[in-house]
>>> print(open('entry04.cif').read())   # mmCIF, C-alpha atoms
data_input
#
loop_
_atom_site.label_atom_id
_atom_site.label_comp_id
_atom_site.auth_asym_id
_atom_site.auth_seq_id
_atom_site.Cartn_x
_atom_site.Cartn_y
_atom_site.Cartn_z
CA MET A 25 84.26 -85.04 -91.84
CA ARG A 26 86.80 -83.15 -93.89
CA PHE A 27 90.25 -84.65 -93.12
CA SER A 28 90.77 -83.47 -89.52
CA LEU A 29 90.38 -86.01 -86.74
CA LEU A 30 89.19 -83.04 -84.68
CA ARG A 31 86.01 -83.30 -86.77
CA ALA A 32 85.99 -87.08 -86.98
CA THR A 33 82.95 -89.08 -85.92
CA VAL A 34 83.45 -91.53 -83.08
CA VAL A 35 84.02 -95.24 -83.48
CA VAL A 36 83.99 -97.34 -80.32
CA ALA A 37 85.28 -100.92 -80.57
CA THR A 38 86.52 -103.38 -77.97
CA LEU A 39 89.77 -105.26 -78.14
CA ALA A 40 87.83 -108.48 -77.83
CA THR A 41 86.08 -107.66 -81.09
CA LEU A 42 89.34 -106.96 -82.88
CA GLY A 43 91.63 -109.74 -81.73
CA GLY A 44 94.39 -111.34 -83.74
CA ALA A 45 97.92 -110.37 -84.62
CA ALA A 46 98.91 -108.45 -87.68
CA THR A 47 99.16 -110.24 -91.00
CA VAL A 48 102.33 -109.44 -92.93
CA VAL A 49 102.61 -109.63 -96.70
CA ALA A 50 105.95 -109.13 -98.43
CA GLY A 51 106.88 -109.08 -102.08
CA SER A 52 108.67 -112.44 -101.84
CA ALA A 53 108.64 -115.58 -99.74
CA GLY A 54 110.07 -113.60 -96.84
CA PRO A 55 111.76 -110.29 -96.05
CA GLU A 56 115.45 -109.81 -96.57
CA PRO A 57 117.37 -109.72 -93.28
CA THR A 58 118.10 -106.02 -93.75
CA HIS A 59 114.36 -105.31 -93.98
CA ARG A 60 113.21 -107.53 -91.12
CA GLN A 61 113.32 -104.71 -88.56
CA ASP A 62 111.19 -102.50 -90.81
CA LEU A 63 108.66 -105.29 -91.19
CA GLU A 64 108.43 -106.01 -87.47
CA ARG A 65 108.01 -102.34 -86.63
CA LEU A 66 105.26 -101.96 -89.20
CA ARG A 67 103.46 -104.97 -87.79
CA GLY A 68 103.80 -103.71 -84.23
CA ASP A 69 102.56 -100.23 -85.12
CA ALA A 70 99.55 -101.65 -86.99
CA ASP A 71 98.72 -103.75 -83.94
CA ALA A 72 99.10 -100.67 -81.74
CA LEU A 73 96.33 -98.94 -83.70
CA THR A 74 93.91 -101.83 -83.29
CA ALA A 75 94.89 -102.02 -79.61
CA LEU A 76 93.50 -98.49 -79.32
CA GLY A 77 90.18 -99.71 -80.73
CA VAL A 78 90.50 -99.19 -84.51
CA THR A 79 88.50 -101.93 -86.22
CA GLY A 80 90.83 -102.56 -89.16
CA VAL A 81 94.23 -101.35 -90.35
CA GLN A 82 96.31 -101.90 -93.47
CA ALA A 83 99.73 -100.28 -93.82
CA ARG A 84 102.10 -100.51 -96.78
CA LEU A 85 105.77 -99.51 -96.67
CA VAL A 86 107.83 -99.17 -99.85
CA LEU A 87 111.61 -99.16 -99.44
CA PRO A 88 114.24 -97.53 -101.69
CA ASP A 89 114.89 -100.81 -103.50
CA GLY A 90 111.20 -101.08 -104.38
CA THR A 91 110.44 -103.79 -101.83
CA SER A 92 106.86 -103.52 -100.62
CA GLN A 93 105.85 -104.71 -97.15
CA VAL A 94 102.28 -104.79 -95.83
CA ALA A 95 100.95 -105.28 -92.33
CA THR A 96 97.24 -105.70 -91.60
CA SER A 97 95.54 -105.87 -88.22
CA GLY A 98 92.02 -106.18 -86.89
CA VAL A 99 89.02 -107.22 -88.97
CA ALA A 100 87.42 -106.18 -92.26
CA ASP A 101 83.86 -106.66 -91.01
CA LEU A 102 82.47 -107.04 -87.52
CA PRO A 103 79.83 -109.71 -88.19
CA GLY A 104 82.09 -112.09 -90.11
CA LYS A 105 85.43 -111.00 -88.66
CA ARG A 106 87.12 -111.44 -92.03
CA PRO A 107 90.81 -110.46 -92.11
CA VAL A 108 91.63 -107.04 -93.47
CA PRO A 109 92.62 -107.35 -97.16
CA PRO A 110 96.26 -106.35 -97.72
CA ASP A 111 95.39 -104.32 -100.81
CA GLY A 112 91.84 -103.26 -99.99
CA HIS A 113 90.06 -100.25 -101.46
CA PHE A 114 89.01 -97.23 -99.40
CA ARG A 115 87.87 -93.65 -99.89
CA ILE A 116 90.88 -91.36 -99.62
CA ALA A 117 88.96 -88.20 -98.62
CA SER A 118 91.21 -85.13 -98.39
CA THR A 119 94.27 -87.03 -99.58
CA ALA A 120 92.73 -86.25 -102.97
CA LYS A 121 93.69 -82.61 -102.47
CA SER A 122 97.25 -83.54 -103.41
CA PHE A 123 95.97 -85.02 -106.69
CA VAL A 124 93.94 -81.90 -107.50
CA ALA A 125 96.85 -79.62 -106.59
CA VAL A 126 99.11 -81.54 -108.98
CA VAL A 127 96.65 -81.02 -111.85
CA ALA A 128 96.41 -77.30 -111.09
CA LEU A 129 100.20 -76.97 -110.95
CA GLN A 130 100.60 -78.89 -114.20
CA LEU A 131 98.30 -76.31 -115.80
CA VAL A 132 100.50 -73.59 -114.31
CA GLY A 133 103.56 -75.24 -115.83
CA GLU A 134 101.81 -75.33 -119.20
CA GLY A 135 101.11 -71.58 -119.00
CA ARG A 136 97.34 -72.11 -118.95
CA LEU A 137 96.77 -71.05 -115.34
CA GLY A 138 98.50 -68.62 -112.98
CA LEU A 139 98.90 -69.10 -109.24
CA ASP A 140 98.16 -65.41 -108.80
CA ASP A 141 95.07 -65.52 -111.01
CA THR A 142 91.97 -64.53 -109.07
CA VAL A 143 88.93 -66.72 -108.67
CA GLU A 144 87.02 -63.94 -110.42
CA ARG A 145 89.08 -64.35 -113.58
CA TRP A 146 87.96 -67.95 -114.07
CA LEU A 147 84.63 -68.00 -112.21
CA PRO A 148 83.25 -64.48 -112.64
CA GLY A 149 80.61 -63.50 -110.10
CA LEU A 150 80.52 -66.95 -108.46
CA VAL A 151 82.08 -66.03 -105.10
CA ARG A 152 80.03 -63.20 -103.63
CA GLY A 153 78.20 -62.63 -100.40
CA ASN A 154 78.70 -62.11 -96.67
CA GLY A 155 82.12 -60.57 -97.28
CA ASN A 156 83.35 -63.38 -99.54
CA ASP A 157 84.79 -61.91 -102.74
CA GLY A 158 86.40 -63.90 -105.55
CA ARG A 159 88.09 -60.74 -106.81
CA ARG A 160 90.39 -60.84 -103.76
CA ILE A 161 91.16 -64.59 -103.67
CA THR A 162 93.91 -66.19 -105.75
CA VAL A 163 94.48 -69.75 -106.92
CA ARG A 164 97.57 -69.91 -104.71
CA GLN A 165 95.48 -69.01 -101.65
CA LEU A 166 92.94 -71.72 -102.47
CA LEU A 167 95.67 -74.35 -102.74
CA GLN A 168 97.42 -73.13 -99.60
CA HIS A 169 94.31 -72.76 -97.38
CA THR A 170 94.93 -69.04 -96.96
CA SER A 171 91.80 -67.92 -98.84
CA GLY A 172 89.59 -67.56 -95.76
CA MET A 173 86.79 -69.43 -97.56
CA PRO A 174 84.34 -70.91 -95.01
CA ASP A 175 83.27 -74.57 -94.94
CA ASP A 176 79.73 -75.90 -94.49
CA PHE A 177 79.67 -79.50 -95.70
CA PRO A 178 76.73 -81.82 -94.99
CA ASP A 179 77.51 -84.51 -92.43
CA HIS A 180 75.44 -87.31 -90.92
CA ALA A 181 74.40 -86.39 -87.37
CA SER A 182 72.72 -89.69 -86.45
CA ALA A 183 72.19 -93.24 -87.67
CA GLU A 184 68.76 -92.28 -88.96
CA ASP A 185 70.22 -89.24 -90.70
CA TYR A 186 72.79 -91.50 -92.37
CA ARG A 187 70.13 -93.95 -93.56
CA ARG A 188 67.93 -91.14 -94.87
CA HIS A 189 70.60 -89.05 -96.58
CA ARG A 190 73.42 -91.43 -97.51
CA ASP A 191 72.43 -91.30 -101.20
CA ASP A 192 71.98 -87.52 -101.38
CA VAL A 193 73.89 -85.84 -104.21
CA HIS A 194 75.60 -82.51 -103.53
CA THR A 195 76.87 -80.52 -106.50
CA PRO A 196 79.87 -78.20 -106.26
CA GLU A 197 77.47 -75.28 -106.74
CA SER A 198 75.26 -76.40 -103.83
CA LEU A 199 78.29 -76.85 -101.56
CA LEU A 200 79.51 -73.38 -102.50
CA ALA A 201 76.06 -71.90 -101.82
CA ARG A 202 76.13 -73.39 -98.31
CA ALA A 203 79.58 -71.94 -97.65
CA LEU A 204 78.65 -68.47 -98.87
CA LYS A 205 76.00 -68.21 -96.18
CA HIS A 206 78.91 -67.64 -93.79
CA PRO A 207 81.44 -64.79 -93.62
CA PRO A 208 85.07 -65.49 -94.48
CA ALA A 209 87.31 -66.75 -91.70
CA PHE A 210 89.74 -63.89 -92.39
CA PRO A 211 90.75 -61.56 -95.23
CA PRO A 212 92.45 -63.57 -98.01
CA GLY A 213 96.16 -64.12 -97.51
CA THR A 214 96.27 -63.07 -93.85
CA ALA A 215 96.08 -66.44 -92.05
CA TRP A 216 95.82 -70.23 -92.54
CA ARG A 217 92.67 -72.29 -92.09
CA TYR A 218 91.81 -75.60 -93.72
CA SER A 219 89.10 -75.10 -96.36
CA SER A 220 87.64 -77.88 -98.46
CA THR A 221 85.39 -75.29 -100.10
CA GLY A 222 88.55 -73.68 -101.45
CA PHE A 223 89.42 -76.90 -103.25
CA VAL A 224 85.89 -77.16 -104.64
CA LEU A 225 86.69 -73.84 -106.31
CA VAL A 226 89.98 -75.29 -107.63
CA ASP A 227 87.95 -78.15 -109.15
CA LEU A 228 85.70 -75.65 -110.93
CA ILE A 229 88.69 -73.61 -112.14
CA ILE A 230 90.32 -76.75 -113.59
CA GLU A 231 87.08 -77.46 -115.45
CA ARG A 232 86.93 -73.90 -116.79
CA VAL A 233 90.57 -73.94 -117.93
CA THR A 234 90.49 -77.38 -119.57
CA GLY A 235 86.86 -77.71 -120.63
CA ARG A 236 86.72 -81.13 -118.92
CA PRO A 237 85.57 -82.30 -115.46
CA TRP A 238 88.31 -82.11 -112.84
CA HIS A 239 88.18 -85.89 -112.20
CA GLU A 240 88.80 -86.61 -115.89
CA GLU A 241 91.90 -84.42 -115.71
CA VAL A 242 93.05 -86.32 -112.59
CA SER A 243 92.53 -89.57 -114.48
CA SER A 244 94.29 -88.58 -117.69
CA ARG A 245 97.18 -86.73 -116.02
CA ILE A 246 97.86 -88.92 -112.96
CA ILE A 247 95.89 -92.15 -112.69
CA LYS A 248 96.49 -93.50 -116.19
CA PRO A 249 100.16 -92.44 -116.62
CA LEU A 250 101.08 -93.95 -113.24
CA ARG A 251 98.92 -97.05 -113.87
CA LEU A 252 97.01 -96.63 -110.63
CA THR A 253 94.66 -99.50 -111.40
CA GLY A 254 93.03 -99.42 -107.96
CA THR A 255 92.19 -95.71 -108.10
CA SER A 256 88.95 -94.28 -109.44
CA TRP A 257 86.33 -91.59 -109.01
CA PRO A 258 82.99 -93.34 -108.39
CA GLY A 259 80.67 -90.45 -109.25
CA ARG A 260 77.26 -91.23 -107.75
CA THR A 261 78.02 -94.87 -107.01
CA PRO A 262 77.76 -95.40 -103.22
CA THR A 263 79.69 -98.68 -103.09
CA LEU A 264 83.38 -99.60 -103.25
CA PRO A 265 85.01 -102.24 -105.45
CA GLU A 266 86.13 -105.47 -103.82
CA PRO A 267 88.10 -106.16 -101.81
CA HIS A 268 87.60 -103.63 -99.03
CA ALA A 269 87.14 -103.43 -95.29
CA ARG A 270 83.75 -102.22 -94.09
CA ALA A 271 83.63 -98.82 -92.40
CA TYR A 272 81.85 -98.32 -89.10
CA GLN A 273 80.92 -95.53 -86.73
CA PRO A 274 78.46 -95.00 -83.90
CA PHE A 275 76.24 -91.95 -83.77
CA GLU A 276 73.90 -91.24 -80.87
CA THR A 277 74.68 -94.59 -79.19
CA PRO A 278 77.86 -96.70 -78.90
CA THR A 279 76.38 -99.25 -81.31
CA LEU A 280 78.51 -99.45 -84.42
CA VAL A 281 76.74 -98.62 -87.69
CA ASP A 282 78.06 -99.84 -91.02
CA VAL A 283 78.47 -96.62 -93.05
CA THR A 284 80.45 -98.06 -95.94
CA ASP A 285 77.83 -97.48 -98.62
CA GLN A 286 77.18 -93.78 -99.17
CA ILE A 287 77.69 -90.93 -101.61
CA VAL A 288 80.31 -88.66 -100.05
CA ALA A 289 79.39 -84.97 -100.12
CA ASP A 290 82.91 -83.79 -100.91
CA PRO A 291 83.41 -84.62 -104.61
CA GLU A 292 87.17 -85.08 -104.23
CA GLY A 293 86.75 -87.09 -101.04
CA ALA A 294 84.87 -89.76 -102.97
CA ILE A 295 88.03 -90.89 -104.80
CA ILE A 296 88.77 -94.56 -104.09
CA SER A 297 92.30 -95.94 -103.97
CA THR A 298 94.63 -98.45 -102.31
CA THR A 299 97.77 -98.22 -100.22
CA ARG A 300 99.73 -99.50 -103.22
CA ASP A 301 98.48 -96.74 -105.52
CA LEU A 302 98.91 -93.93 -102.98
CA ASN A 303 102.51 -94.99 -102.38
CA THR A 304 103.09 -94.91 -106.13
CA PHE A 305 101.52 -91.46 -106.41
CA PHE A 306 103.48 -89.81 -103.60
CA ARG A 307 106.77 -91.38 -104.68
CA ALA A 308 106.22 -90.16 -108.24
CA LEU A 309 105.31 -86.69 -107.01
CA LEU A 310 108.33 -86.17 -104.76
CA GLY A 311 110.53 -88.01 -107.25
CA GLY A 312 109.82 -85.29 -109.83
CA ARG A 313 107.76 -87.40 -112.24
CA LEU A 314 104.53 -85.38 -112.09
CA LEU A 315 105.62 -81.74 -111.91
CA ARG A 316 108.31 -79.59 -113.47
CA PRO A 317 110.97 -78.42 -110.99
CA ALA A 318 109.53 -74.90 -110.73
CA GLN A 319 106.04 -76.17 -109.91
CA LEU A 320 107.30 -78.80 -107.45
CA ALA A 321 109.23 -76.01 -105.73
CA GLU A 322 106.02 -74.00 -105.46
CA MET A 323 104.16 -76.98 -104.05
CA THR A 324 106.79 -77.59 -101.39
CA ARG A 325 107.21 -73.92 -100.36
CA THR A 326 105.48 -74.05 -96.98
CA MET A 327 104.04 -71.91 -94.21
CA PRO A 328 102.95 -72.78 -90.63
CA ILE A 329 99.48 -74.25 -90.27
CA GLY A 330 96.79 -72.53 -88.19
CA PRO A 331 96.20 -73.09 -84.47
CA ASP A 332 93.11 -75.24 -85.09
CA PHE A 333 95.35 -77.88 -86.69
CA ALA A 334 98.58 -77.25 -84.79
CA GLU A 335 97.46 -79.18 -81.71
CA LEU A 336 96.69 -82.22 -83.84
CA LEU A 337 99.73 -81.86 -86.13
CA PRO A 338 102.44 -80.02 -84.16
CA ASP A 339 105.38 -78.39 -85.96
CA THR A 340 103.64 -78.94 -89.30
CA ARG A 341 103.75 -76.68 -92.34
CA TYR A 342 101.65 -76.60 -95.51
CA GLY A 343 102.56 -75.96 -99.11
CA LEU A 344 100.14 -76.22 -102.03
CA GLY A 345 98.08 -79.33 -101.35
CA LEU A 346 100.84 -80.96 -99.28
CA PHE A 347 101.79 -81.12 -95.58
CA GLU A 348 105.41 -81.00 -94.42
CA ARG A 349 105.89 -82.81 -91.11
CA PRO A 350 108.93 -83.45 -88.87
CA LEU A 351 110.57 -86.88 -88.73
CA PRO A 352 111.61 -88.28 -85.34
CA CYS A 353 115.04 -89.15 -86.80
CA GLY A 354 115.55 -85.62 -88.14
CA GLY A 355 114.46 -83.81 -91.25
CA THR A 356 110.92 -83.75 -92.61
CA TYR A 357 108.55 -85.75 -94.78
CA TRP A 358 105.61 -84.94 -97.04
CA SER A 359 102.07 -86.21 -96.67
CA HIS A 360 98.36 -85.54 -96.88
CA GLY A 361 95.89 -87.34 -94.66
CA GLY A 362 92.15 -87.68 -95.10
CA GLY A 363 89.05 -88.90 -93.34
CA ASP A 364 85.45 -89.34 -94.46
CA GLY A 365 82.68 -91.93 -94.47
CA GLY A 366 84.32 -94.07 -91.78
CA TYR A 367 87.73 -94.34 -93.49
CA LEU A 368 90.90 -92.58 -92.34
CA THR A 369 94.12 -92.36 -94.34
CA ASP A 370 97.59 -91.09 -93.49
CA SER A 371 100.77 -91.16 -95.50
CA GLY A 372 104.39 -90.14 -95.64
CA VAL A 373 107.13 -89.91 -98.24
CA THR A 374 110.72 -88.79 -97.83
CA ALA A 375 111.91 -85.68 -99.65
CA ASP A 376 113.66 -87.74 -102.33
CA GLY A 377 110.56 -89.87 -102.92
CA ARG A 378 112.45 -93.14 -102.29
CA ARG A 379 110.86 -94.31 -99.02
CA SER A 380 107.11 -94.07 -98.43
CA VAL A 381 104.27 -95.45 -96.33
CA VAL A 382 100.46 -95.31 -96.44
CA VAL A 383 98.10 -96.44 -93.70
CA SER A 384 94.33 -96.91 -94.01
CA MET A 385 91.96 -97.34 -91.06
CA SER A 386 88.25 -98.16 -91.03
CA SER A 387 87.23 -96.38 -87.82
CA VAL A 388 87.85 -93.31 -85.68
CA LEU A 389 88.49 -93.20 -81.93
CA GLY A 390 86.58 -91.20 -79.38
CA ARG A 391 84.33 -88.16 -79.24
CA ALA A 392 86.76 -85.84 -77.51
CA PRO A 393 89.68 -83.96 -79.09
CA GLU A 394 92.11 -85.87 -76.89
CA ASP A 395 90.87 -89.15 -78.41
CA HIS A 396 91.51 -87.82 -81.90
CA ILE A 397 94.97 -86.66 -80.87
CA ARG A 398 95.67 -90.09 -79.37
CA GLN A 399 94.89 -91.79 -82.66
CA GLN A 400 96.91 -89.27 -84.64
CA ARG A 401 99.91 -89.85 -82.41
CA ALA A 402 99.68 -93.60 -83.06
CA MET A 403 99.54 -92.94 -86.81
CA ASP A 404 102.48 -90.55 -86.49
CA THR A 405 104.46 -93.29 -84.77
CA LEU A 406 103.73 -95.74 -87.58
CA VAL A 407 104.69 -93.25 -90.28
CA GLY A 408 107.79 -92.03 -88.44
CA ASN A 409 109.09 -95.54 -87.76
CA ALA A 410 108.44 -96.59 -91.34
CA LEU A 411 110.26 -93.62 -92.87
CA CYS A 412 113.16 -93.57 -90.41
CA GLY A 413 113.79 -97.29 -90.66
CA GLY A 414 116.88 -98.38 -88.74
CA GLU A 415 118.08 -94.81 -88.17
#
>>> encode(input="entry04.cif", output="structure tokens")
Amino acid sequence: MRFSLLRATVVVATLATLGGAATVVAGSAGPEPTHRQDLERLRGDADALTALGVTGVQARLVLPDGTSQVATSGVADLPGKRPVPPDGHFRIASTAKSFVAVVALQLVGEGRLGLDDTVERWLPGLVRGNGNDGRRITVRQLLQHTSGMPDDFPDHASAEDYRRHRDDVHTPESLLARALKHPPAFPPGTAWRYSSTGFVLVDLIIERVTGRPWHEEVSSRIIKPLRLTGTSWPGRTPTLPEPHARAYQPFETPTLVDVTDQIVADPEGAIISTTRDLNTFFRALLGGRLLRPAQLAEMTRTMPIGPDFAELLPDTRYGLGLFERPLPCGGTYWSHGGGDGGYLTDSGVTADGRRSVVVSMSSVLGRAPEDHIRQQRAMDTLVGNALCGGE
């Protein structure tokens, strides 16, 4: 699944399996009185997610004074019912699009890449077929999901399919070849539709501009400078570093299947991180530490999302690798969610980068769109309460 809960695979879990109240971890022996309400809300909202049937939740809130508060709920593994680790690793899936967009915009700021450069300029002849034409698609459109590029990513249709294909390796070129079997969703620049294939092209453009793999650029430009010690690109390694919660999903039956160990088809989606590191990244980004003002302004210049996402994320806009979403207390926040391989991530950071929250879940609710919307609304409540605080 490529970010959207509308495409998420079902996870069915009973409340009896989950059990237990949230565990709260603060940066000191106990929260300051002024932060106690934030902490209790975070704990309650984490519990609300497991009450819906999510197997495990960890949520980290960082306040303007740097205080970090963590609430965990549910279990890290169904057989042993271990508690969810407060700083566990997980695959961030499409949240990685914000990382890749930052690298592309840094190259723009250095004068090495133009947002209005065509795909053809950097990848001549690569995007052709069934009406897809790299001569008409720009870097800006790839980053903004207005390119019209179709998606056709491999996904596991059954438990047997997962066991047989979980170690399959998909190259960017093979993913692009699959996509080009389909016509474009629309002429470039005329509408908005989420396209992970578009970001695969951004990866390849970064490699052409720099002469290095995109993930090495992410590491040298973001991970190392920000000291994101829990963040890495695993390549063809199907496992996650410890600690981590196991990821589960059912396929053709309600029986939960452990799908933690696999090679994720989306190369960006394989990035592994923690709630601590993602908070650091988003706070640095909106705080102006990763991009020059002109490029941050480009990233946060938004347009309405398409109707396929609007039901799931109402009143949401999209910039260049970044969602802008409304806050219940007024104003907006910035985020990028992701979901793949049994893990779901959501996030939020205020416009000044001073208050942020990241939540990671290890299962997905329901087969129907309304189930996906129900889970998204619970995540929205957690993020909104965390960012609004006592307002």
>>> closest_residue(input="entry04.cif", among="A:Ala269, A:Val132, A:Leu344, A:Leu264", to="Pro107 in chain A", atoms="only C-alpha atoms")
A:Ala269
>>> resolve_selection(input="entry04.cif", expression="the PyMOL selection byres ((chain A and resi 221) around 9)", output="short mmCIF file (atom, residue, chain, number, x, y, z; two decimals) with C-alpha atoms, keeping the file's coordinate frame")
data_model
loop_
_atom_site.label_atom_id
_atom_site.label_comp_id
_atom_site.auth_asym_id
_atom_site.auth_seq_id
_atom_site.Cartn_x
_atom_site.Cartn_y
_atom_site.Cartn_z
CA LEU A 166 92.94 -71.72 -102.47
CA MET A 173 86.79 -69.43 -97.56
CA PRO A 174 84.34 -70.91 -95.01
CA ASP A 175 83.27 -74.57 -94.94
CA ASP A 176 79.73 -75.90 -94.49
CA PHE A 177 79.67 -79.50 -95.70
CA PRO A 196 79.87 -78.20 -106.26
CA LEU A 199 78.29 -76.85 -101.56
CA LEU A 200 79.51 -73.38 -102.50
CA ALA A 203 79.58 -71.94 -97.65
CA SER A 219 89.10 -75.10 -96.36
CA SER A 220 87.64 -77.88 -98.46
CA GLY A 222 88.55 -73.68 -101.45
CA PHE A 223 89.42 -76.90 -103.25
CA VAL A 224 85.89 -77.16 -104.64
CA LEU A 225 86.69 -73.84 -106.31
CA VAL A 226 89.98 -75.29 -107.63
CA ASP A 290 82.91 -83.79 -100.91
#
>>> residues_around(input="entry04.cif", residues="Thr255 in chain A", least_positions_apart="4", cutoff="9 Å", atoms="all atoms listed in the file", output="short mmCIF file (atom, residue, chain, number, x, y, z; two decimals) with C-alpha atoms, in the coordinates of the input")
data_model
loop_
_atom_site.label_atom_id
_atom_site.label_comp_id
_atom_site.auth_asym_id
_atom_site.auth_seq_id
_atom_site.Cartn_x
_atom_site.Cartn_y
_atom_site.Cartn_z
CA HIS A 113 90.06 -100.25 -101.46
CA SER A 243 92.53 -89.57 -114.48
CA ILE A 247 95.89 -92.15 -112.69
CA ARG A 251 98.92 -97.05 -113.87
CA ILE A 295 88.03 -90.89 -104.80
CA ILE A 296 88.77 -94.56 -104.09
CA SER A 297 92.30 -95.94 -103.97
CA THR A 298 94.63 -98.45 -102.31
CA ASP A 301 98.48 -96.74 -105.52
CA LEU A 302 98.91 -93.93 -102.98
#
>>> resolve_selection(input="entry04.cif", expression="the PyMOL selection byres ((chain A and resi 323) around 8)", output="PyMOL selection string")
chain A and resi 129+319-322+324-326+343-346
>>> resolve_selection(input="entry04.cif", expression="the PyMOL selection byres ((chain A and resi 152) around 12)", output="ChimeraX atom specification")
/A:143-144,147-151,153-161,173,200-201,203-208
>>> closest_atom_pairs(input="entry04.cif", of="range 166-279 of chain A", to="range 81-86 of chain A", cutoff="12 Å", atoms="all atoms listed in the file", output="CSV")
residue,atom,partner,partner_atom,distance
A:His268,CA,A:Gln82,CA,10.5
A:Ala269,CA,A:Val81,CA,8.9
A:Arg270,CA,A:Val81,CA,11.2
A:Ala271,CA,A:Val81,CA,11.1
>>> closest_residue(input="entry04.cif", among="A:Glu276, A:Asp111, A:Asp227, A:Asp62", to="Cys412 in chain A", atoms="all atoms listed in the file")
A:Asp62
>>> closest_residue(input="entry04.cif", among="A:Ile246, A:Ala117, A:Leu63, A:Leu368", to="Gly293 in chain A", atoms="all atoms listed in the file")
A:Ala117
>>> closest_residue(input="entry04.cif", among="A:Arg313, A:Arg65, A:Arg260, A:His360", to="Thr195 in chain A", atoms="only C-alpha atoms")
A:Arg260
>>> residues_near_point(input="entry04.cif", point="(115.1, -99.2, -99.8)", cutoff="10 Å", atoms="all atoms listed in the file", output="ChimeraX atom specification")
/A:58-59,85-92,378-380,413
>>> residues_near_point(input="entry04.cif", point="(93.7, -77.7, -89.3)", cutoff="9 Å", atoms="all atoms listed in the file", output="list of chain:residue names")
A:Phe27, A:Ser28, A:Leu30, A:Trp216, A:Arg217, A:Tyr218, A:Ser219, A:Ile329, A:Gly330, A:Pro331, A:Asp332, A:Phe333, A:Ala334, A:Glu335, A:Leu336, A:Leu337
>>> axis_aligned_box(input="entry04.cif", around="range 303-313 of chain A", padding_each_side="5 Å", output="JSON")
{"center_x": 106.0, "center_y": -90.1, "center_z": -107.3, "size_x": 19.0, "size_y": 19.7, "size_z": 19.9}
>>> atom_distance(input="entry04.cif", atom1="CA of Ala402 in chain A", atom2="CA of Pro291 in chain A")
28.5 Å
>>> closest_residue(input="entry04.cif", among="A:Thr170, A:Thr253, A:Thr162, A:Gln61", to="Thr304 in chain A", atoms="only C-alpha atoms")
A:Thr253
